[in-house]
>>> print(open('model32.txt').read())   # compact mmCIF, C-alpha atoms
# COMPACT_ATOMS: atom_id res chain seq x y z
CA MET A 29 28.17 -105.20 -3.64
CA SER A 30 31.36 -106.97 -4.69
CA GLU A 31 34.72 -105.22 -4.97
CA ALA A 32 34.57 -105.43 -8.75
CA MET A 33 31.12 -103.84 -8.78
CA LEU A 34 32.29 -101.09 -6.43
CA ILE A 35 35.23 -100.31 -8.73
CA ALA A 36 32.89 -100.30 -11.70
CA LEU A 37 30.55 -97.90 -9.87
CA VAL A 38 33.42 -95.50 -9.11
CA GLN A 39 34.65 -95.65 -12.70
CA PHE A 40 31.14 -95.05 -14.03
CA ALA A 41 30.60 -92.18 -11.59
CA THR A 42 33.89 -90.59 -12.65
CA ARG A 43 32.88 -90.76 -16.27
CA PHE A 44 29.17 -89.88 -16.13
CA GLY A 45 28.58 -88.36 -12.67
CA ILE A 46 27.34 -89.85 -9.44
CA ASP A 47 23.63 -89.30 -10.17
CA ALA A 48 23.94 -91.22 -13.43
CA ALA A 49 25.84 -94.01 -11.71
CA ILE A 50 23.33 -94.34 -8.88
CA ALA A 51 20.35 -94.32 -11.22
CA PHE A 52 22.03 -96.86 -13.48
CA PHE A 53 22.98 -99.26 -10.71
CA GLU A 54 19.77 -98.88 -8.73
CA SER A 55 17.71 -99.71 -11.79
CA ARG A 56 19.41 -103.09 -12.33
CA GLY A 57 16.84 -105.81 -11.98
CA ALA A 58 13.94 -103.37 -11.72
CA THR A 59 10.50 -104.95 -11.90
CA ILE A 60 7.37 -103.65 -13.59
CA ASP A 61 6.05 -102.63 -10.16
CA ASP A 62 9.23 -100.60 -9.53
CA ALA A 63 8.68 -98.85 -12.87
CA LEU A 64 5.01 -98.22 -12.03
CA ALA A 65 5.95 -96.75 -8.64
CA ALA A 66 8.54 -94.48 -10.30
CA LEU A 67 6.02 -93.25 -12.87
CA LYS A 68 3.37 -92.72 -10.18
CA LYS A 69 5.74 -90.48 -8.24
CA ALA A 70 6.65 -88.66 -11.47
CA LYS A 71 3.02 -87.96 -12.35
CA ASP A 72 1.94 -87.01 -8.82
CA LYS A 73 4.76 -84.75 -7.61
CA SER A 74 4.59 -81.15 -8.83
CA LEU A 75 7.51 -78.76 -9.05
CA ASP A 76 5.86 -76.64 -6.35
CA GLN A 77 6.11 -79.67 -4.04
CA TYR A 78 9.81 -80.04 -4.87
CA ILE A 79 10.31 -76.36 -4.03
CA ALA A 80 8.39 -76.67 -0.76
CA GLU A 81 10.53 -79.67 0.26
CA ALA A 82 13.88 -78.20 -0.87
CA LYS A 83 16.53 -78.08 1.84
CA PRO A 84 19.19 -75.35 2.00
CA PRO A 85 22.26 -76.14 -0.12
CA GLY A 86 24.90 -78.16 1.69
CA THR A 87 22.55 -79.75 4.25
CA MET B 6 47.37 -99.48 -19.68
CA THR B 7 44.85 -97.37 -17.78
CA ARG B 8 42.90 -96.82 -20.98
CA VAL B 9 42.79 -100.57 -21.67
CA ARG B 10 41.56 -101.13 -18.11
CA ASN B 11 38.87 -98.47 -18.52
CA ILE B 12 37.72 -99.96 -21.82
CA SER B 13 37.62 -103.39 -20.20
CA LEU B 14 35.45 -102.05 -17.39
CA VAL B 15 33.06 -100.40 -19.84
CA LEU B 16 32.80 -103.66 -21.80
CA LEU B 17 32.21 -105.52 -18.55
CA LEU B 18 29.44 -103.08 -17.63
CA VAL B 19 27.79 -103.38 -21.04
CA ALA B 20 27.97 -107.17 -20.88
CA SER B 21 26.67 -107.22 -17.33
CA PHE B 22 23.74 -104.90 -17.88
CA GLY B 23 22.84 -105.56 -21.49
CA CYS B 24 20.21 -108.11 -20.54
CA ALA B 25 19.42 -106.97 -17.00
CA GLY B 26 16.61 -104.78 -15.74
CA VAL B 27 14.13 -104.51 -18.56
CA TYR B 28 12.48 -101.53 -16.87
CA ARG B 29 15.78 -99.75 -16.40
CA GLY B 30 14.87 -96.99 -18.87
CA THR B 31 11.79 -96.00 -16.90
CA ILE B 32 13.69 -95.89 -13.62
CA THR B 33 16.60 -94.02 -15.21
CA LEU B 34 14.33 -91.41 -16.79
CA THR B 35 12.27 -90.75 -13.67
CA ALA B 36 15.37 -90.68 -11.44
CA ALA B 37 17.11 -88.19 -13.75
CA VAL B 38 14.12 -85.85 -13.91
CA ASP B 39 13.50 -86.21 -10.16
CA SER B 40 17.12 -85.29 -9.44
CA ALA B 41 16.95 -82.32 -11.84
CA ALA B 42 13.71 -81.12 -10.20
CA GLN B 43 15.30 -81.34 -6.74
CA GLU B 44 18.36 -79.43 -7.91
CA TYR B 45 16.32 -76.72 -9.60
CA ALA B 46 13.98 -76.43 -6.57
CA THR B 47 16.97 -75.73 -4.30
CA ILE B 48 18.44 -73.20 -6.72
CA TYR B 49 15.11 -71.40 -7.10
CA LYS B 50 14.09 -71.48 -3.42
CA TYR B 51 17.43 -70.37 -2.01
CA LYS B 52 18.36 -68.13 -4.97
CA THR B 53 21.82 -69.64 -5.34
CA VAL B 54 21.55 -68.67 -9.01
CA PRO B 55 19.17 -65.91 -10.15
CA VAL B 56 16.10 -67.25 -12.01
CA SER B 57 13.73 -64.78 -13.65
CA GLU B 58 10.01 -65.23 -13.06
CA GLU B 59 9.54 -65.61 -16.81
CA THR B 60 11.98 -68.51 -16.89
CA HIS B 61 10.49 -70.03 -13.75
CA SER B 62 7.04 -69.90 -15.33
CA LYS B 63 8.38 -71.82 -18.36
CA VAL B 64 10.05 -74.37 -16.06
CA LEU B 65 6.78 -74.90 -14.16
CA SER B 66 4.91 -75.47 -17.43
CA ALA B 67 7.55 -77.88 -18.74
CA HIS B 68 7.48 -79.89 -15.52
CA ALA B 69 3.66 -79.99 -15.53
CA ARG B 70 3.83 -81.32 -19.09
CA TYR B 71 6.31 -83.99 -18.00
CA GLN B 72 3.92 -84.97 -15.19
CA GLN B 73 1.10 -85.26 -17.70
CA PHE B 74 3.09 -87.58 -19.99
CA ALA B 75 4.40 -89.58 -17.03
CA GLY B 76 0.74 -90.15 -16.14
CA VAL B 77 0.01 -91.40 -19.66
CA ALA B 78 3.06 -93.69 -19.44
CA TYR B 79 1.86 -94.97 -16.06
CA ASP B 80 -1.55 -95.87 -17.49
CA ALA B 81 0.07 -97.49 -20.53
CA LEU B 82 2.47 -99.54 -18.41
CA LEU B 83 -0.41 -100.65 -16.21
CA ALA B 84 -2.29 -101.71 -19.36
CA TYR B 85 0.82 -103.57 -20.53
CA LYS B 86 0.99 -105.38 -17.21
CA LEU B 87 -2.60 -106.57 -17.72
CA SER B 88 -2.60 -107.19 -21.49
CA GLY B 89 1.03 -107.78 -22.50
CA ASP B 90 0.77 -105.26 -25.38
CA ALA B 91 3.83 -103.01 -25.13
CA THR B 92 3.17 -100.75 -28.14
CA GLN B 93 1.28 -98.05 -26.29
CA TYR B 94 3.76 -98.04 -23.44
CA GLN B 95 6.73 -97.53 -25.75
CA GLN B 96 5.00 -94.56 -27.41
CA ALA B 97 3.97 -93.10 -24.05
CA PHE B 98 7.47 -93.57 -22.68
CA GLU B 99 8.97 -91.67 -25.62
CA ALA B 100 6.51 -88.81 -25.02
CA ALA B 101 7.45 -88.71 -21.32
CA ARG B 102 11.15 -88.83 -22.22
CA SER B 103 10.74 -85.91 -24.64
CA ALA B 104 8.85 -83.91 -22.00
CA GLY B 105 11.50 -84.75 -19.40
CA LEU B 106 14.24 -83.61 -21.77
CA ALA B 107 12.38 -80.36 -22.49
CA PHE B 108 12.17 -79.72 -18.73
CA ALA B 109 15.86 -80.59 -18.28
CA ASN B 110 16.93 -78.29 -21.11
CA LEU B 111 15.28 -75.39 -19.29
CA VAL B 112 16.91 -76.08 -15.91
CA ILE B 113 20.41 -77.31 -16.76
CA PRO B 114 21.74 -73.82 -17.54
CA PHE B 115 21.51 -73.27 -13.76
CA PHE B 116 23.43 -76.47 -12.93
CA THR B 117 27.13 -77.21 -12.70
CA LYS B 118 28.67 -78.63 -15.88
CA ASN B 119 28.90 -82.16 -14.47
CA LYS B 120 25.33 -82.15 -13.16
CA ALA B 121 24.03 -80.79 -16.46
CA GLU B 122 25.87 -83.45 -18.45
CA SER B 123 24.77 -86.33 -16.24
CA THR B 124 21.14 -85.17 -16.36
CA VAL B 125 21.06 -85.00 -20.15
CA ASN B 126 23.05 -88.23 -20.58
CA ASN B 127 20.65 -90.13 -18.34
CA ILE B 128 17.55 -88.89 -20.13
CA MET B 129 19.03 -89.42 -23.60
CA ASN B 130 20.12 -92.95 -22.72
CA ALA B 131 16.81 -94.01 -21.13
CA LYS B 132 15.08 -96.53 -23.39
CA ALA B 133 11.76 -98.29 -23.04
CA VAL B 134 12.91 -101.89 -23.37
CA LEU B 135 10.24 -104.44 -22.59
>>> encode(input="model32.txt", output="structure tokens")
Amino acid sequence: MSEAMLIALVQFATRFGIDAAIAFFESRGATIDDALAALKKAKDKSLDQYIAEAKPPGT
Amino acid sequence: MTRVRNISLVLLLVASFGCAGVYRGTITLTAAVDSAAQEYATIYKYKTVPVSEETHSKVLSAHARYQQFAGVAYDALLAYKLSGDATQYQQAFEAARSAGLAFANLVIPFFTKNKAESTVNNIMNAKAVL
């Protein structure tokens, strides 16, 4: 990542939050197979699985 | 001066990403809901914020509904990949986005202000652009 992109990431994160910034930047150049993989995870992973995998806060 | 610089950066971002990543909306939506689910799971499991069983039951149902619509969107996107017809995918994506937003609206009251805002912003801004 170039210096300009890093600055842009920090600015974006300051304005919209780090999760938004990461999602936004990671999705640049996404392919249809990336989108399919994301949707497959979304349809397959239940909230009970998220709860089972949850780590204690701050770890 | 700082404001001008910030505006310039925003314009640079818009120009840079306006034509990049046609599947960005899908990734943004799923990442936002995934992050919200992880956050809620930690809150519920470790009781960092009290969640009533009634509310938890509603959250479970909302997430299951999101999973259902994500499955429909998956099938529609797979069909698009094979046929090139994007109509069904765009409709399925909107249904998944609505279900994701319904789930998020139930869990964000337990989040910090910043986390709640970023979750909703991400879901609201996710668009099915093909």
>>> interface_residues(input="model32.txt", of="chain B", to="chain A", cutoff="9 Å", atoms="all atoms listed in the file", output="ChimeraX atom specification")
/B:11,14-15,17-18,22,25-40,42-51,53,64-65,68-69,71-80,82-83,86,119-120,122-124,126-127
>>> atom_distance(input="model32.txt", atom1="atom CA of Leu111 of chain B", atom2="atom CA of Gly86 of chain A")
23.2 Å
>>> atom_distance(input="model32.txt", atom1="atom CA of Met129 of chain B", atom2="atom CA of Ser103 of chain B")
9.1 Å
>>> atom_distance(input="model32.txt", atom1="atom CA of Ser88 of chain B", atom2="atom CA of Ala131 of chain B")
23.5 Å
